[in-house]
Structures are given as C-alpha cells and as structure tokens.
>>> print(open('target_15.cif').read())   # mmCIF, C-alpha atoms and all ligand atoms
data_start
loop_
_atom_site.label_atom_id
_atom_site.label_comp_id
_atom_site.auth_asym_id
_atom_site.auth_seq_id
_atom_site.Cartn_x
_atom_site.Cartn_y
_atom_site.Cartn_z
CA MET A 222 29.14 35.99 55.61
CA ARG A 223 27.61 37.13 52.29
CA LEU A 224 27.79 34.30 49.84
CA VAL A 225 26.62 33.26 46.39
CA LEU A 226 26.42 29.58 45.48
CA VAL A 227 26.74 28.77 41.81
CA GLY A 228 26.87 25.53 39.85
CA PRO A 229 24.99 23.53 37.25
CA PRO A 230 21.53 22.14 38.02
CA GLY A 231 21.92 18.96 40.06
CA ALA A 232 25.29 19.90 41.58
CA GLY A 233 23.64 19.84 45.00
CA LYS A 234 23.39 23.59 45.54
CA GLY A 235 20.17 23.32 47.55
CA THR A 236 21.56 20.60 49.83
CA GLN A 237 24.89 22.34 50.40
CA ALA A 238 23.13 25.67 50.86
CA GLN A 239 21.16 24.29 53.80
CA PHE A 240 24.27 23.05 55.59
CA LEU A 241 26.30 26.18 54.86
CA ALA A 242 23.47 28.51 55.88
CA ALA A 243 23.12 26.62 59.17
CA HIS A 244 26.89 26.66 59.74
CA TYR A 245 27.18 30.44 59.25
CA SER A 246 23.73 31.23 60.77
CA ILE A 247 22.59 33.06 57.67
CA PRO A 248 19.36 32.73 55.67
CA HIS A 249 19.35 30.48 52.61
CA ILE A 250 17.76 32.48 49.80
CA SER A 251 16.84 30.24 46.87
CA THR A 252 15.19 32.06 43.96
CA GLY A 253 13.90 28.71 42.65
CA ASP A 254 12.23 28.00 46.03
CA ILE A 255 10.72 31.51 46.13
CA PHE A 256 9.28 30.97 42.64
CA ARG A 257 7.95 27.50 43.61
CA ALA A 258 6.37 28.87 46.81
CA ASN A 259 4.67 31.60 44.77
CA LEU A 260 3.50 29.04 42.25
CA LYS A 261 2.05 26.87 45.00
CA ALA A 262 0.27 29.88 46.50
CA GLY A 263 -1.04 30.89 43.05
CA THR A 264 0.36 34.44 43.21
CA PRO A 265 0.73 36.52 40.01
CA LEU A 266 4.53 36.14 40.36
CA GLY A 267 4.20 32.35 40.52
CA ILE A 268 1.85 32.24 37.56
CA GLU A 269 4.21 34.43 35.53
CA ALA A 270 7.24 32.28 36.42
CA GLN A 271 5.63 28.88 35.80
CA SER A 272 5.89 28.66 32.01
CA PHE A 273 9.57 29.66 32.10
CA MET A 274 10.32 27.18 34.88
CA ASP A 275 8.50 24.30 33.20
CA ARG A 276 10.54 24.87 30.02
CA GLY A 277 13.86 25.21 31.85
CA GLU A 278 14.21 28.86 30.73
CA LEU A 279 15.16 31.76 32.96
CA VAL A 280 12.39 33.97 34.32
CA ALA A 281 12.79 37.56 33.05
CA ASP A 282 15.55 39.55 34.75
CA SER A 283 13.18 42.43 35.56
CA VAL A 284 10.95 40.08 37.58
CA THR A 285 13.77 38.14 39.24
CA ASN A 286 15.89 41.17 40.12
CA GLU A 287 12.96 42.95 41.79
CA MET A 288 12.14 39.82 43.78
CA VAL A 289 15.74 39.52 45.03
CA LYS A 290 16.08 43.25 45.75
CA ASP A 291 12.97 43.02 47.88
CA ARG A 292 14.28 39.93 49.70
CA LEU A 293 17.53 41.74 50.49
CA THR A 294 15.62 44.42 52.41
CA HIS A 295 14.50 41.91 55.10
CA ASP A 296 16.00 42.25 58.58
CA ASP A 297 17.21 38.64 58.71
CA ILE A 298 20.17 39.37 56.41
CA ALA A 299 21.96 41.51 59.02
CA ASN A 300 24.53 38.70 59.51
CA GLY A 301 24.76 37.94 55.81
CA PHE A 302 23.00 35.57 53.43
CA LEU A 303 23.55 32.68 51.08
CA LEU A 304 22.07 33.22 47.62
CA ASP A 305 21.32 29.98 45.78
CA GLY A 306 20.24 30.21 42.12
CA PHE A 307 20.88 33.94 41.83
CA PRO A 308 22.56 35.45 39.89
CA ARG A 309 21.96 33.25 36.85
CA ASN A 310 23.49 35.59 34.22
CA VAL A 311 25.97 38.45 34.08
CA ALA A 312 23.24 41.12 34.01
CA GLN A 313 21.86 39.77 37.31
CA ALA A 314 25.40 39.63 38.75
CA GLU A 315 25.84 43.30 37.87
CA VAL A 316 22.53 44.22 39.52
CA LEU A 317 23.52 42.31 42.65
CA ARG A 318 26.92 44.02 42.77
CA ALA A 319 25.25 47.44 42.48
CA VAL A 320 22.62 46.71 45.13
CA LEU A 321 25.25 45.47 47.58
CA ALA A 322 27.64 48.35 46.79
CA GLU A 323 24.87 50.79 47.63
CA LYS A 324 24.39 49.11 51.01
CA GLN A 325 28.21 48.92 51.44
CA THR A 326 27.89 45.19 52.02
CA PRO A 327 29.82 43.49 49.17
CA LEU A 328 30.00 39.71 48.75
CA HIS A 329 32.69 37.82 50.67
CA ALA A 330 32.84 34.89 48.26
CA VAL A 331 31.20 32.99 45.43
CA LEU A 332 31.29 29.23 45.86
CA GLU A 333 31.17 27.19 42.65
CA LEU A 334 30.13 23.54 42.90
CA SER A 335 31.60 21.85 39.84
CA LEU A 336 30.24 18.67 38.25
CA ALA A 337 30.56 16.90 34.86
CA ASN A 338 27.52 16.82 32.52
CA GLU A 339 27.01 12.99 32.60
CA GLU A 340 26.75 13.07 36.38
CA ILE A 341 24.30 16.00 36.25
CA VAL A 342 21.83 14.16 34.00
CA ALA A 343 21.97 10.98 36.12
CA ARG A 344 21.35 12.94 39.32
CA LEU A 345 18.53 15.09 38.02
CA THR A 346 16.47 12.32 36.47
CA ALA A 347 16.60 10.41 39.78
CA ARG A 348 15.74 13.47 41.87
CA ARG A 349 12.37 13.94 43.57
CA THR A 350 11.27 17.11 45.38
CA CYS A 351 9.05 17.63 48.40
CA LYS A 352 5.70 19.29 47.59
CA ASP A 353 5.74 21.09 50.93
CA CYS A 354 9.33 22.12 51.78
CA PHE A 355 10.98 21.56 48.34
CA GLN A 356 13.73 19.39 49.87
CA PRO A 357 15.32 17.21 47.13
CA SER A 358 15.70 13.45 47.71
CA VAL A 359 16.39 10.21 45.81
CA GLY A 360 14.67 6.81 46.08
CA VAL A 361 12.02 7.73 48.68
CA ASP A 362 8.20 8.17 48.63
CA LYS A 363 8.06 10.70 51.46
CA CYS A 364 10.25 13.71 52.19
CA PRO A 365 13.06 12.75 54.62
CA GLN A 366 12.90 16.25 56.11
CA CYS A 367 9.18 16.92 56.71
CA GLY A 368 7.35 13.73 55.66
CA GLY A 369 5.51 15.49 52.80
CA ASP A 370 4.74 13.83 49.45
CA VAL A 371 7.49 13.98 46.84
CA TYR A 372 7.08 14.56 43.08
CA GLN A 373 9.26 14.83 40.01
CA ARG A 374 9.70 18.49 39.08
CA GLU A 375 8.52 19.19 35.52
CA ASP A 376 11.99 20.60 34.84
CA ASP A 377 13.72 17.41 36.12
CA LYS A 378 12.27 15.42 33.18
CA ALA A 379 14.89 14.40 30.59
CA GLU A 380 13.75 16.76 27.78
CA VAL A 381 13.84 19.83 30.02
CA ILE A 382 17.16 18.87 31.64
CA THR A 383 18.90 19.15 28.26
CA ARG A 384 17.56 22.69 27.88
CA ARG A 385 18.51 23.64 31.45
CA LEU A 386 22.07 22.52 30.80
CA GLU A 387 22.20 24.61 27.61
CA VAL A 388 20.83 27.61 29.51
CA TYR A 389 23.45 27.05 32.20
CA GLN A 390 26.32 26.90 29.67
CA GLU A 391 25.11 29.87 27.62
CA GLN A 392 23.82 32.21 30.31
CA THR A 393 25.03 31.19 33.76
CA ALA A 394 28.56 29.84 33.17
CA PRO A 395 29.82 33.35 32.16
CA ILE A 396 29.26 34.51 35.76
CA ILE A 397 32.06 32.15 36.80
CA SER A 398 34.61 34.28 34.89
CA PHE A 399 32.87 37.44 36.11
CA TYR A 400 33.42 36.42 39.73
CA ARG A 401 36.91 35.03 39.05
CA ASN A 402 37.85 38.47 37.73
CA GLU A 403 36.41 40.02 40.88
CA GLY A 404 38.68 37.74 42.94
CA LEU A 405 35.66 36.16 44.66
CA LEU A 406 35.52 32.67 43.12
CA ILE A 407 36.14 29.50 45.11
CA THR A 408 35.62 26.16 43.33
CA VAL A 409 34.82 22.91 45.13
CA SER A 410 34.09 19.56 43.48
CA ALA A 411 30.45 18.45 43.84
CA LEU A 412 31.45 14.76 43.58
CA GLY A 413 31.51 12.61 46.70
CA GLU A 414 29.72 12.47 50.03
CA VAL A 415 27.54 15.43 51.00
CA GLU A 416 29.36 15.92 54.33
CA ASP A 417 32.80 15.90 52.65
CA ILE A 418 31.70 18.51 50.11
CA THR A 419 30.35 20.71 52.92
CA ALA A 420 33.60 20.33 54.89
CA ASN A 421 35.69 21.23 51.81
CA ALA A 422 33.48 24.25 51.16
CA ILE A 423 33.73 25.47 54.76
CA SER A 424 37.50 25.12 54.93
CA ALA A 425 37.87 26.98 51.61
CA LEU A 426 35.47 29.72 52.78
CA ASN A 427 37.20 30.06 56.14
CA ARG A 428 40.49 30.63 54.33
CA VAL A 429 39.06 33.60 52.40
CA SER A 430 37.28 35.16 55.37
CA GLU A 431 40.39 35.02 57.61
P1 LIG B 501 16.29 26.15 40.64
O1 LIG B 501 15.41 25.62 41.70
O2 LIG B 501 17.37 27.07 41.16
O3 LIG B 501 16.83 25.08 39.73
O4 LIG B 501 15.37 27.10 39.72
C1 LIG B 501 14.26 26.57 39.03
C2 LIG B 501 13.82 27.53 37.94
O5 LIG B 501 13.44 28.80 38.52
C3 LIG B 501 14.89 27.89 36.91
O6 LIG B 501 15.02 26.90 35.91
C4 LIG B 501 14.31 29.21 36.36
O7 LIG B 501 13.20 28.97 35.51
C5 LIG B 501 13.78 29.86 37.63
N1 LIG B 501 14.85 30.65 38.27
C6 LIG B 501 15.45 30.43 39.48
N2 LIG B 501 16.39 31.37 39.72
C7 LIG B 501 16.39 32.21 38.66
C8 LIG B 501 17.14 33.36 38.30
N3 LIG B 501 18.10 33.85 39.09
N4 LIG B 501 16.85 33.98 37.12
C9 LIG B 501 15.86 33.52 36.33
N5 LIG B 501 15.14 32.42 36.58
C10 LIG B 501 15.39 31.76 37.74
#
>>> encode(input="target_15.cif", output="structure tokens")
Amino acid sequence: MRLVLVGPPGAGKGTQAQFLAAHYSIPHISTGDIFRANLKAGTPLGIEAQSFMDRGELVADSVTNEMVKDRLTHDDIANGFLLDGFPRNVAQAEVLRAVLAEKQTPLHAVLELSLANEEIVARLTARRTCKDCFQPSVGVDKCPQCGGDVYQREDDKAEVITRRLEVYQEQTAPIISFYRNEGLLITVSALGEVEDITANAISALNRVSE
C-alpha cells in the first residue's frame, strides 16, 4: 500500500501513521521526524531546517524534495510506504507524482484527517513530544512509548501555531483538491477515540484497495 497522510497540524497524523504503518507493514516516513532527527544529530540538513521549523514555515522545496527522493530509494519501501507530512504543497505533490510515475508505483490513496481549527489549537498547545523517539503525548512527564523526556516543540507554542495554521490553509490545503481531482482522496474525521479513527481509516482504505 502506497499512502499519503494529510491533515492540519494536530490532527493526529503521527499517531494514526504509526497504527496504519503497522497494520499494512509499511514504513512510516515522516518528513518532520527526519528533519528533527537531523537537527538532533546536528547535520547541515538539520541546521538548515531549524529556523524554518521554529517559525512554522515550510523548509525549501529543493531541500525537502531531495530528502524524500533519497528516502524513496531505500529497500524497505518494496511493500509500499506511508508518507506523513509530505507533500505539503502542490509543487511537492507534483514532484512525488513524477518520482512515483517513473518507478511505475503510483499512490493507492491519500488519507485526509479532517479537524476544525478550534480543536487544532487546543490539541497542539497541550501536546508534548519525546526528545528521543518524537512520539507525541499529553499530560505526561515521560514518553509513554520509550520513557524518554518530553518537551514542548518550539512550533507547538501558541504564536507559532497560528502561523502553522495559515501555512496549512495557504500552501497545504490546495493539495486536497489536487488529490481529489486525481481520484485518490479519502477523508476521515480526526475527532474521537484514536482506535475508532484508525478503524474508520482502515475500512475506507480497504474499500479503495479492493
Ligand atoms: P511536522 O512534524 O510534520 O509538523 O513538521 C514540522 C516542520 O517540519 C514543519 O512545520 C516544516 O517546517 C518542516 N516540514 C515537514 N515536512 C515538510 C515538507 N513536506 N515541506 C516543507 N517543510 C516540512
């Protein structure tokens, strides 16, 4: 299964991506996590991405596209992949389409997690992230997944959230129509229990892959 997960910040893409990737036995490729891992390791890519990330702006397409193209050459995507956080604008969506067309491995579906703005802000300001594995959590001091320390991402602070939502509306939301026109879009509500959202997503995805 070759999947893209799209939705506003705070819709739970990272959480759903983990469950869906496990369900379909495909790697979860999060561009945000790759940037954060590079930042933690102090690589030139991480250093370049940091100022954009801290301000809630998109990292340049040239940098992001190359990073994703490289990731899509790894052997572990033989069964498919789940892209989380990429594409983030129509230009990236076009690059992805071209890269996959060249490999003759087009996307099977694009899953949109939809959520109202008020709910997004409430979720993001409460969110903490693990310093080691980047797992998001709420109301805990230690990561429920690996026991690492948690912190509030610079871009989960109220001022930056407003900008991230603007960036989402202006730059990312247009990919929803792009994928609807391609006949690939599936929309699932991001409200409710995590397990219910995963179950809804899987039954909708199974319908398209039948
Ligand atoms: P995320 O963890 O998906 O919320 O991403 C965190 C930040 O990483 C974003 O606010 C951007 O600064 C950067 N980023 C992640 N994915 C992309 C992308 N596809 N294009 C540009 N910047 C990205």
>>> closest_residue(input="target_15.cif", among="A:Val381, A:Ala330, A:Ile418, A:Ile423", to="A:Ile397", atoms="all atoms listed in the file")
A:Ala330
>>> residues_near_point(input="target_15.cif", point="(13.2, 14.5, 47.5)", cutoff="10 Å", atoms="all atoms listed in the file", output="list in words")
Ala347, Arg348, Arg349, Thr350, Cys351, Lys352, Cys354, Phe355, Gln356, Pro357, Ser358, Val359, Gly360, Val361, Asp362, Lys363, Cys364, Pro365, Gln366, Gly369, Asp370, Val371, Tyr372, Gln373 and Arg374 of chain A
>>> write_last_selection(input="target_15.cif", atoms="C-alpha atoms", output="compact mmCIF listing (two decimals), in the frame of the given file")
# COMPACT_ATOMS: atom_id res chain seq x y z
CA ALA A 347 16.60 10.41 39.78
CA ARG A 348 15.74 13.47 41.87
CA ARG A 349 12.37 13.94 43.57
CA THR A 350 11.27 17.11 45.38
CA CYS A 351 9.05 17.63 48.40
CA LYS A 352 5.70 19.29 47.59
CA CYS A 354 9.33 22.12 51.78
CA PHE A 355 10.98 21.56 48.34
CA GLN A 356 13.73 19.39 49.87
CA PRO A 357 15.32 17.21 47.13
CA SER A 358 15.70 13.45 47.71
CA VAL A 359 16.39 10.21 45.81
CA GLY A 360 14.67 6.81 46.08
CA VAL A 361 12.02 7.73 48.68
CA ASP A 362 8.20 8.17 48.63
CA LYS A 363 8.06 10.70 51.46
CA CYS A 364 10.25 13.71 52.19
CA PRO A 365 13.06 12.75 54.62
CA GLN A 366 12.90 16.25 56.11
CA GLY A 369 5.51 15.49 52.80
CA ASP A 370 4.74 13.83 49.45
CA VAL A 371 7.49 13.98 46.84
CA TYR A 372 7.08 14.56 43.08
CA GLN A 373 9.26 14.83 40.01
CA ARG A 374 9.70 18.49 39.08
>>> atom_distance(input="target_15.cif", atom1="atom CA of A:Val311", atom2="atom CA of A:Ser246")
27.7 Å
>>> atom_distance(input="target_15.cif", atom1="atom CA of A:Gly277", atom2="atom CA of A:Arg385")
4.9 Å
>>> residues_near_ligand(input="target_15.cif", ligand="ligand LIG 501 (chain B)", cutoff="8 Å", atoms="all atoms listed in the file", output="PDB file with C-alpha atoms, in the coordinates of the input")
ATOM      1  CA  PRO A 230      21.530  22.140  38.020  1.00  0.00           C
ATOM      2  CA  GLY A 231      21.920  18.960  40.060  1.00  0.00           C
ATOM      3  CA  GLY A 235      20.170  23.320  47.550  1.00  0.00           C
ATOM      4  CA  SER A 251      16.840  30.240  46.870  1.00  0.00           C
ATOM      5  CA  THR A 252      15.190  32.060  43.960  1.00  0.00           C
ATOM      6  CA  GLY A 253      13.900  28.710  42.650  1.00  0.00           C
ATOM      7  CA  ASP A 254      12.230  28.000  46.030  1.00  0.00           C
ATOM      8  CA  PHE A 256       9.280  30.970  42.640  1.00  0.00           C
ATOM      9  CA  ARG A 257       7.950  27.500  43.610  1.00  0.00           C
ATOM     10  CA  ALA A 270       7.240  32.280  36.420  1.00  0.00           C
ATOM     11  CA  GLN A 271       5.630  28.880  35.800  1.00  0.00           C
ATOM     12  CA  PHE A 273       9.570  29.660  32.100  1.00  0.00           C
ATOM     13  CA  MET A 274      10.320  27.180  34.880  1.00  0.00           C
ATOM     14  CA  ASP A 275       8.500  24.300  33.200  1.00  0.00           C
ATOM     15  CA  ARG A 276      10.540  24.870  30.020  1.00  0.00           C
ATOM     16  CA  GLY A 277      13.860  25.210  31.850  1.00  0.00           C
ATOM     17  CA  GLU A 278      14.210  28.860  30.730  1.00  0.00           C
ATOM     18  CA  LEU A 279      15.160  31.760  32.960  1.00  0.00           C
ATOM     19  CA  VAL A 280      12.390  33.970  34.320  1.00  0.00           C
ATOM     20  CA  ALA A 281      12.790  37.560  33.050  1.00  0.00           C
ATOM     21  CA  ASP A 282      15.550  39.550  34.750  1.00  0.00           C
ATOM     22  CA  THR A 285      13.770  38.140  39.240  1.00  0.00           C
ATOM     23  CA  ASN A 286      15.890  41.170  40.120  1.00  0.00           C
ATOM     24  CA  ASP A 305      21.320  29.980  45.780  1.00  0.00           C
ATOM     25  CA  GLY A 306      20.240  30.210  42.120  1.00  0.00           C
ATOM     26  CA  PHE A 307      20.880  33.940  41.830  1.00  0.00           C
ATOM     27  CA  PRO A 308      22.560  35.450  39.890  1.00  0.00           C
ATOM     28  CA  ARG A 309      21.960  33.250  36.850  1.00  0.00           C
ATOM     29  CA  ASN A 310      23.490  35.590  34.220  1.00  0.00           C
ATOM     30  CA  GLN A 313      21.860  39.770  37.310  1.00  0.00           C
ATOM     31  CA  ASP A 376      11.990  20.600  34.840  1.00  0.00           C
ATOM     32  CA  ARG A 385      18.510  23.640  31.450  1.00  0.00           C
TER      33      ARG A 385
END
>>> residues_around(input="target_15.cif", residues="A:Arg428", least_positions_apart="4", cutoff="12 Å", atoms="only C-alpha atoms", output="list in words")
His329, Ala330, Ile407, Asn421, Ala422, Ile423 and Ser424 of chain A
>>> residues_around(input="target_15.cif", residues="A:Leu304", least_positions_apart="3", cutoff="7 Å", atoms="all atoms listed in the file", output="list in words")
Leu224, Val225, Leu226, His249, Ile250, Ser251 and Phe307 of chain A
>>> closest_residue(input="target_15.cif", among="A:Val409, A:Ala314, A:Leu260, A:Leu266", to="A:Pro327", atoms="all atoms listed in the file")
A:Ala314
>>> closest_residue(input="target_15.cif", among="A:Leu405, A:Ala411, A:Ile382, A:Val320", to="A:Leu426", atoms="all atoms listed in the file")
A:Leu405
>>> axis_aligned_box(input="target_15.cif", around="stretch 324-329 of chain A", padding_each_side="4 Å", output="lines of an AutoDock Vina configuration file")
center_x = 28.5
center_y = 43.5
center_z = 50.4
size_x = 16.3
size_y = 19.3
size_z = 11.3
>>> residues_around(input="target_15.cif", residues="stretch 291-299 of chain A", least_positions_apart="3", cutoff="7 Å", atoms="only C-alpha atoms", output="number ranges by chain")
A: 247-248, 287-288, 302
>>> atom_distance(input="target_15.cif", atom1="atom CA of A:Ala242", atom2="atom CA of A:Lys324")
21.2 Å
>>> closest_residue(input="target_15.cif", among="A:Val429, A:Leu332, A:Glu387, A:Arg344", to="A:Leu241", atoms="all atoms listed in the file")
A:Leu332
>>> closest_residue(input="target_15.cif", among="A:Leu345, A:Met222, A:Val289, A:Ile255", to="A:Glu380", atoms="all atoms listed in the file")
A:Leu345
>>> closest_residue(input="target_15.cif", among="A:Leu303, A:Ala394, A:Val284, A:Val342", to="A:Lys234", atoms="only C-alpha atoms")
A:Leu303
